[in-house]
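See below for run_1.txt, which holds compact mmCIF, C-alpha atoms.
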# COMPACT_ATOMS: atom_id res chain seq x y z
CA MET A 1 -42.31 16.95 78.80
CA SER A 2 -39.22 16.69 80.93
CA ILE A 3 -36.89 19.59 81.58
CA ALA A 4 -34.24 17.76 79.58
CA GLY A 5 -36.61 17.55 76.60
CA VAL A 6 -37.35 21.27 76.78
CA ASP A 7 -33.64 22.07 76.83
CA LYS A 8 -33.09 20.02 73.69
CA MET A 9 -35.73 22.03 71.84
CA LYS A 10 -34.15 25.42 72.62
CA PRO A 11 -32.53 27.09 69.59
CA LYS A 12 -28.77 27.47 69.66
CA LEU A 13 -27.65 30.97 70.50
CA HIS A 14 -24.33 30.51 68.72
CA PRO A 15 -24.63 28.81 65.31
CA ASP A 16 -21.97 26.29 64.37
CA PHE A 17 -21.26 27.95 61.02
CA GLN A 18 -18.49 30.54 61.40
CA PRO A 19 -17.50 31.87 57.95
CA TYR A 20 -14.81 34.25 59.16
CA ALA A 21 -11.54 33.94 61.04
CA ASP A 22 -9.07 36.64 62.01
CA ASP A 23 -5.62 35.45 60.99
CA GLY A 24 -3.83 38.59 62.14
CA GLY A 25 -1.52 40.76 60.12
CA THR A 26 -1.04 44.52 59.89
CA VAL A 27 -0.60 46.53 56.68
CA SER A 28 0.68 50.13 56.73
CA GLY A 29 1.65 52.64 54.09
CA ILE A 30 3.28 56.03 53.63
CA THR A 31 3.26 58.11 50.47
CA GLY A 32 5.26 61.09 49.28
CA LYS A 33 6.41 62.90 46.19
CA GLY A 34 7.47 60.26 43.68
CA PHE A 35 7.02 57.17 45.85
CA ALA A 36 4.64 54.99 47.88
CA VAL A 37 5.81 52.55 50.57
CA LEU A 38 3.66 49.65 51.76
CA ALA A 39 4.69 47.38 54.63
CA ALA A 40 3.21 44.30 56.31
CA ASP A 41 4.38 41.80 58.90
CA THR A 42 4.74 38.16 57.86
CA ARG A 43 3.14 36.40 60.86
CA LEU A 44 0.00 34.35 60.19
CA ILE A 45 -1.91 33.21 63.27
CA SER A 46 -4.91 31.11 64.19
CA GLY A 47 -6.09 31.85 67.71
CA TYR A 48 -2.99 31.55 69.88
CA SER A 49 -1.10 29.42 67.36
CA ILE A 50 1.39 30.71 64.80
CA GLN A 51 0.70 29.00 61.48
CA THR A 52 3.68 30.49 59.66
CA ARG A 53 6.28 33.18 60.26
CA ASN A 54 7.02 33.89 56.59
CA GLN A 55 3.80 34.79 54.83
CA PRO A 56 4.08 37.92 52.62
CA LYS A 57 0.93 40.05 52.63
CA VAL A 58 1.84 42.58 49.91
CA PHE A 59 1.16 41.53 46.31
CA LYS A 60 2.23 43.10 43.03
CA LEU A 61 -0.68 44.02 40.74
CA THR A 62 1.06 46.05 38.02
CA ASP A 63 4.48 47.64 37.54
CA LYS A 64 3.16 50.70 39.40
CA THR A 65 0.61 49.29 41.83
CA VAL A 66 0.66 46.88 44.80
CA ILE A 67 -1.93 45.76 47.33
CA GLY A 68 -1.61 44.70 50.96
CA SER A 69 -4.27 42.52 52.62
CA ALA A 70 -4.87 41.48 56.21
CA GLY A 71 -7.73 39.77 58.02
CA CYS A 72 -9.23 36.39 57.10
CA TRP A 73 -6.43 34.85 55.05
CA CYS A 74 -8.60 32.68 52.82
CA ASP A 75 -10.59 35.80 51.88
CA CYS A 76 -7.34 37.70 51.26
CA LEU A 77 -6.10 35.05 48.82
CA THR A 78 -9.46 34.76 47.07
CA PHE A 79 -9.86 38.50 46.66
CA VAL A 80 -6.32 39.05 45.32
CA LYS A 81 -6.71 36.12 42.90
CA ILE A 82 -9.95 37.52 41.45
CA LEU A 83 -8.48 41.03 41.30
CA THR A 84 -5.39 39.79 39.47
CA ASN A 85 -7.57 38.01 36.91
CA ARG A 86 -9.61 41.18 36.36
CA LEU A 87 -6.41 43.16 35.74
CA LYS A 88 -5.12 40.56 33.27
CA HIS A 89 -8.40 40.67 31.40
CA TYR A 90 -8.21 44.48 31.23
CA ARG A 91 -4.66 44.33 29.86
CA TYR A 92 -5.60 41.81 27.17
CA GLU A 93 -8.56 43.93 26.06
CA ASN A 94 -6.84 47.34 26.18
CA ASN A 95 -3.20 46.42 25.50
CA LYS A 96 -2.05 48.43 28.52
CA PRO A 97 -2.02 47.99 32.32
CA MET A 98 -4.66 49.62 34.47
CA SER A 99 -3.61 52.85 36.20
CA THR A 100 -3.26 53.07 39.98
CA VAL A 101 -6.31 55.33 40.31
CA ALA A 102 -8.40 52.91 38.22
CA VAL A 103 -7.18 49.92 40.28
CA ALA A 104 -8.24 51.75 43.44
CA GLN A 105 -11.75 52.21 42.05
CA LEU A 106 -11.92 48.59 40.87
CA VAL A 107 -11.02 47.32 44.35
CA SER A 108 -13.80 49.46 45.83
CA ASN A 109 -16.33 48.14 43.30
CA MET A 110 -15.35 44.52 43.95
CA LEU A 111 -15.67 44.91 47.72
CA TYR A 112 -19.00 46.73 47.48
CA SER A 113 -20.42 44.04 45.19
CA ARG A 114 -20.02 41.59 48.10
CA ARG A 115 -21.39 43.94 50.78
CA PHE A 116 -24.11 41.51 51.93
CA PHE A 117 -21.55 38.77 52.59
CA PRO A 118 -18.31 40.79 52.54
CA TYR A 119 -14.74 39.68 52.28
CA TYR A 120 -13.26 39.92 55.78
CA VAL A 121 -10.26 41.76 54.37
CA TYR A 122 -8.61 45.09 55.14
CA ASN A 123 -7.00 46.22 51.90
CA THR A 124 -4.50 48.96 51.18
CA VAL A 125 -3.58 49.88 47.61
CA ALA A 126 -0.32 51.74 46.98
CA GLY A 127 1.25 53.00 43.78
CA ILE A 128 2.11 55.93 41.58
CA ASP A 129 0.21 57.60 38.75
CA LYS A 130 1.42 58.52 35.26
CA ASP A 131 2.90 61.78 36.64
CA GLY A 132 4.92 59.94 39.28
CA GLN A 133 2.77 61.04 42.22
CA GLY A 134 2.46 58.48 45.03
CA PHE A 135 -0.90 57.29 46.33
CA ILE A 136 -2.12 55.23 49.29
CA TYR A 137 -5.75 54.09 49.38
CA SER A 138 -7.18 52.48 52.51
CA TYR A 139 -10.40 50.38 52.47
CA ASP A 140 -12.92 48.94 54.85
CA PRO A 141 -14.41 45.48 54.07
CA VAL A 142 -17.36 46.90 52.08
CA GLY A 143 -15.38 49.17 49.79
CA SER A 144 -15.32 52.65 51.33
CA TYR A 145 -11.95 54.19 50.58
CA GLU A 146 -9.96 57.42 50.50
CA PRO A 147 -6.47 58.57 49.49
CA LEU A 148 -4.20 59.19 52.48
CA LYS A 149 -0.64 60.27 53.26
CA CYS A 150 -0.35 57.38 55.67
CA SER A 151 -2.58 54.47 56.62
CA CYS A 152 -2.72 51.36 58.77
CA ALA A 153 -5.15 48.44 58.88
CA GLY A 154 -5.20 45.16 60.72
CA ALA A 155 -4.27 43.78 64.12
CA ALA A 156 -1.91 46.47 65.44
CA THR A 157 -3.69 49.53 64.01
CA GLU A 158 -4.24 51.07 67.46
CA MET A 159 -0.49 51.06 68.10
CA ILE A 160 0.91 52.02 64.70
CA LEU A 161 -1.58 54.55 63.31
CA PRO A 162 -1.22 57.19 66.09
CA PHE A 163 2.55 57.14 65.57
CA LEU A 164 2.17 57.61 61.81
CA ASP A 165 -0.41 60.37 62.30
CA CYS A 166 2.11 62.34 64.36
CA MET A 167 5.22 61.65 62.31
CA VAL A 168 3.70 61.90 58.81
CA ASP A 169 0.61 64.11 59.10
CA GLY A 170 2.00 66.24 61.94
CA CYS A 171 -0.99 65.78 64.22
CA ASN A 172 -0.34 67.32 67.67
CA GLN A 173 3.21 68.16 66.65
CA THR A 174 5.13 71.44 66.72
CA ALA A 175 7.41 70.57 63.81
CA LYS A 176 7.68 73.11 61.02
CA ALA A 177 5.49 72.59 57.98
CA ASP A 178 8.52 72.30 55.71
CA GLU A 179 9.90 69.45 57.82
CA LEU A 180 6.64 67.53 57.60
CA LYS A 181 6.51 67.95 53.81
CA SER A 182 10.06 66.71 53.26
CA MET A 183 9.13 63.03 53.43
CA THR A 184 11.49 60.76 51.48
CA LYS A 185 11.20 57.05 50.80
CA GLU A 186 14.20 56.37 53.08
CA LYS A 187 12.54 58.26 55.95
CA ALA A 188 9.22 56.51 55.26
CA LYS A 189 10.83 53.07 55.46
CA GLU A 190 12.63 54.01 58.67
CA LEU A 191 9.38 55.21 60.27
CA LEU A 192 7.62 51.96 59.35
CA LYS A 193 10.49 49.90 60.78
CA ARG A 194 10.30 51.83 64.05
CA ALA A 195 6.51 51.51 64.22
CA TYR A 196 6.49 47.74 63.67
CA THR A 197 9.41 47.16 66.01
CA ALA A 198 7.42 48.86 68.79
CA ALA A 199 4.19 47.03 67.90
CA ALA A 200 5.93 43.63 67.91
CA GLU A 201 6.94 44.21 71.54
CA ARG A 202 3.32 44.57 72.66
CA HIS A 203 1.06 42.83 70.15
CA MET A 204 1.06 39.03 69.90
CA ASN A 205 -0.34 39.02 66.32
CA THR A 206 2.47 41.15 64.91
CA GLY A 207 6.04 39.96 64.51
CA ASP A 208 8.66 37.77 62.82
CA SER A 209 9.53 39.88 59.75
CA LEU A 210 8.47 43.07 58.01
CA GLN A 211 7.93 43.05 54.25
CA ILE A 212 8.59 46.54 52.83
CA VAL A 213 7.58 47.25 49.23
CA THR A 214 8.49 50.60 47.64
CA VAL A 215 6.88 51.79 44.40
CA THR A 216 8.70 54.47 42.37
CA PRO A 217 8.73 55.51 38.69
CA ASP A 218 11.76 53.22 38.31
CA GLY A 219 9.87 50.13 39.47
CA ILE A 220 9.06 48.13 42.59
CA GLU A 221 11.63 47.38 45.31
CA GLU A 222 11.19 44.87 48.12
CA GLU A 223 13.15 44.25 51.30
CA MET A 224 12.70 42.27 54.51
CA PHE A 225 13.34 43.60 58.01
CA GLN A 226 13.56 41.28 61.01
CA LEU A 227 11.15 41.76 63.92
CA ARG A 228 10.67 40.00 67.25
CA LYS A 229 10.13 36.25 66.81
CA ASP A 230 8.17 35.42 69.98
File written out as structure tokens:
Amino acid sequence: MSIAGVDKMKPKLHPDFQPYADDGGTVSGITGKGFAVLAADTRLISGYSIQTRNQPKVFKLTDKTVIGSAGCWCDCLTFVKILTNRLKHYRYENNKPMSTVAVAQLVSNMLYSRRFFPYYVYNTVAGIDKDGQGFIYSYDPVGSYEPLKCSCAGAATEMILPFLDCMVDGCNQTAKADELKSMTKEKAKELLKRAYTAAAERHMNTGDSLQIVTVTPDGIEEEMFQLRKD
């Protein structure tokens, strides 16, 4: 058999089927007494191409709970759609919305159920409980999660999370404990704006606009903050 024939019989090292794609996006959150703030940039990329500059990545689940998703965008949309249907079904059966803590557990269960072919999605759930306490839950693609004061997942995590660790959790800082505990929603939003402004200068997958969603006992507020466009 010729050398050419042998080469044709060799198995392919890289299969043609690629189920996942990284479409960029970064989701971050900060929580405090009586509020939870979740922010995400609106750039959606494919390789080195920008598909859209105005894609929100934070979705409302209930009047007290929101979710932010980044990663493979088709998986993000599919997961949020199924989750929304599950929440509607719960409301119809129980005549009340699901609590934030219960939503957090449901998201974990849904991700874990697909652990052998997981959603390529980095989720963050934010909201408040019945007592008005704010929560941020951060997930990996197979459902492991924990409540945090601040979190970041997605493309620019390496740039944003160290900043939040210092400014929110007080890691490696000499600030007084009382100053670190006095986090307000206005300060949280300002910190997220500063973090994303810096990340947009260095990270090609982060930019265009910042969607900021704030959850309080009074409801859900949303605002847009302009970032670098190129």
So that I can see what lies close to segment 132-138 of chain A, please list as a compact mmCIF listing (two decimals) with C-alpha atoms, in the coordinates of the input the residues with an atom at most 7 Å from it, counting only C-alpha atoms and leaving out residues fewer than 2 positions away in the same chain.
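Result saved to result.txt:
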# COMPACT_ATOMS: atom_id res chain seq x y z
CA GLY A 29 1.65 52.64 54.09
CA ILE A 30 3.28 56.03 53.63
CA THR A 31 3.26 58.11 50.47
CA GLY A 32 5.26 61.09 49.28
CA LYS A 33 6.41 62.90 46.19
CA GLY A 34 7.47 60.26 43.68
CA PHE A 35 7.02 57.17 45.85
CA ALA A 36 4.64 54.99 47.88
CA ALA A 104 -8.24 51.75 43.44
CA ASN A 123 -7.00 46.22 51.90
CA THR A 124 -4.50 48.96 51.18
CA VAL A 125 -3.58 49.88 47.61
CA ALA A 126 -0.32 51.74 46.98
CA GLY A 127 1.25 53.00 43.78
CA ILE A 128 2.11 55.93 41.58
CA ASP A 129 0.21 57.60 38.75
CA LYS A 130 1.42 58.52 35.26
CA TYR A 145 -11.95 54.19 50.58
CA GLU A 146 -9.96 57.42 50.50
CA PRO A 147 -6.47 58.57 49.49
CA LEU A 148 -4.20 59.19 52.48
CA LYS A 149 -0.64 60.27 53.26
CA CYS A 150 -0.35 57.38 55.67
CA SER A 151 -2.58 54.47 56.62
CA PRO A 217 8.73 55.51 38.69
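For the pair atom CA of Met183 of chain A and atom CA of Asp169 of chain A, the interatomic distance is 10.3 Å.
When all atoms listed in the file are used to measure the gap to Glu221 of chain A, the shortest distance among A:Leu164, A:Tyr20, A:Asp63, A:Met159 belongs to A:Asp63.
Interatomic distance, atom CA of Leu38 of chain A against atom CA of Tyr112 of chain A: 23.2 Å.
Using all atoms listed in the file, the shortest contact distance between Ala198 of chain A and any of A:Val121, A:Leu87, A:Leu227, A:Cys166 is found at A:Leu227.
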Atom-to-atom span, atom CA of Leu210 of chain A and atom CA of Glu223 of chain A, Å | 8.3 Å
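For the choices A:Val58, A:Gly207, A:Asp23, A:Ala39, the atom-to-atom distance to Leu191 of chain A is smallest for A:Ala39 when using all atoms listed in the file.
The residues that lie within 10 Å of the point (14.3, 57.2, 50.4), counting all atoms listed in the file, are Gly32, Phe35, Val37, Met183, Thr184, Lys185, Glu186, Lys187, Ala188, Lys189, Glu190 and Thr214 of chain A.
Remark: for Tyr48 of chain A, the closest of the candidate residues A:His203, A:Arg228, A:Lys81, A:Lys96 is A:His203 (distances computed over all atoms listed in the file).
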Please give the centre and size of the box around segment 146-151 of chain A (axis-aligned, containing every atom listed in the file, 8 Å added per side), with values in Å to one decimal and written as AutoDock Vina command-line options.
--center_x -5.2 --center_y 57.4 --center_z 53.1 --size_x 25.6 --size_y 21.8 --size_z 23.1
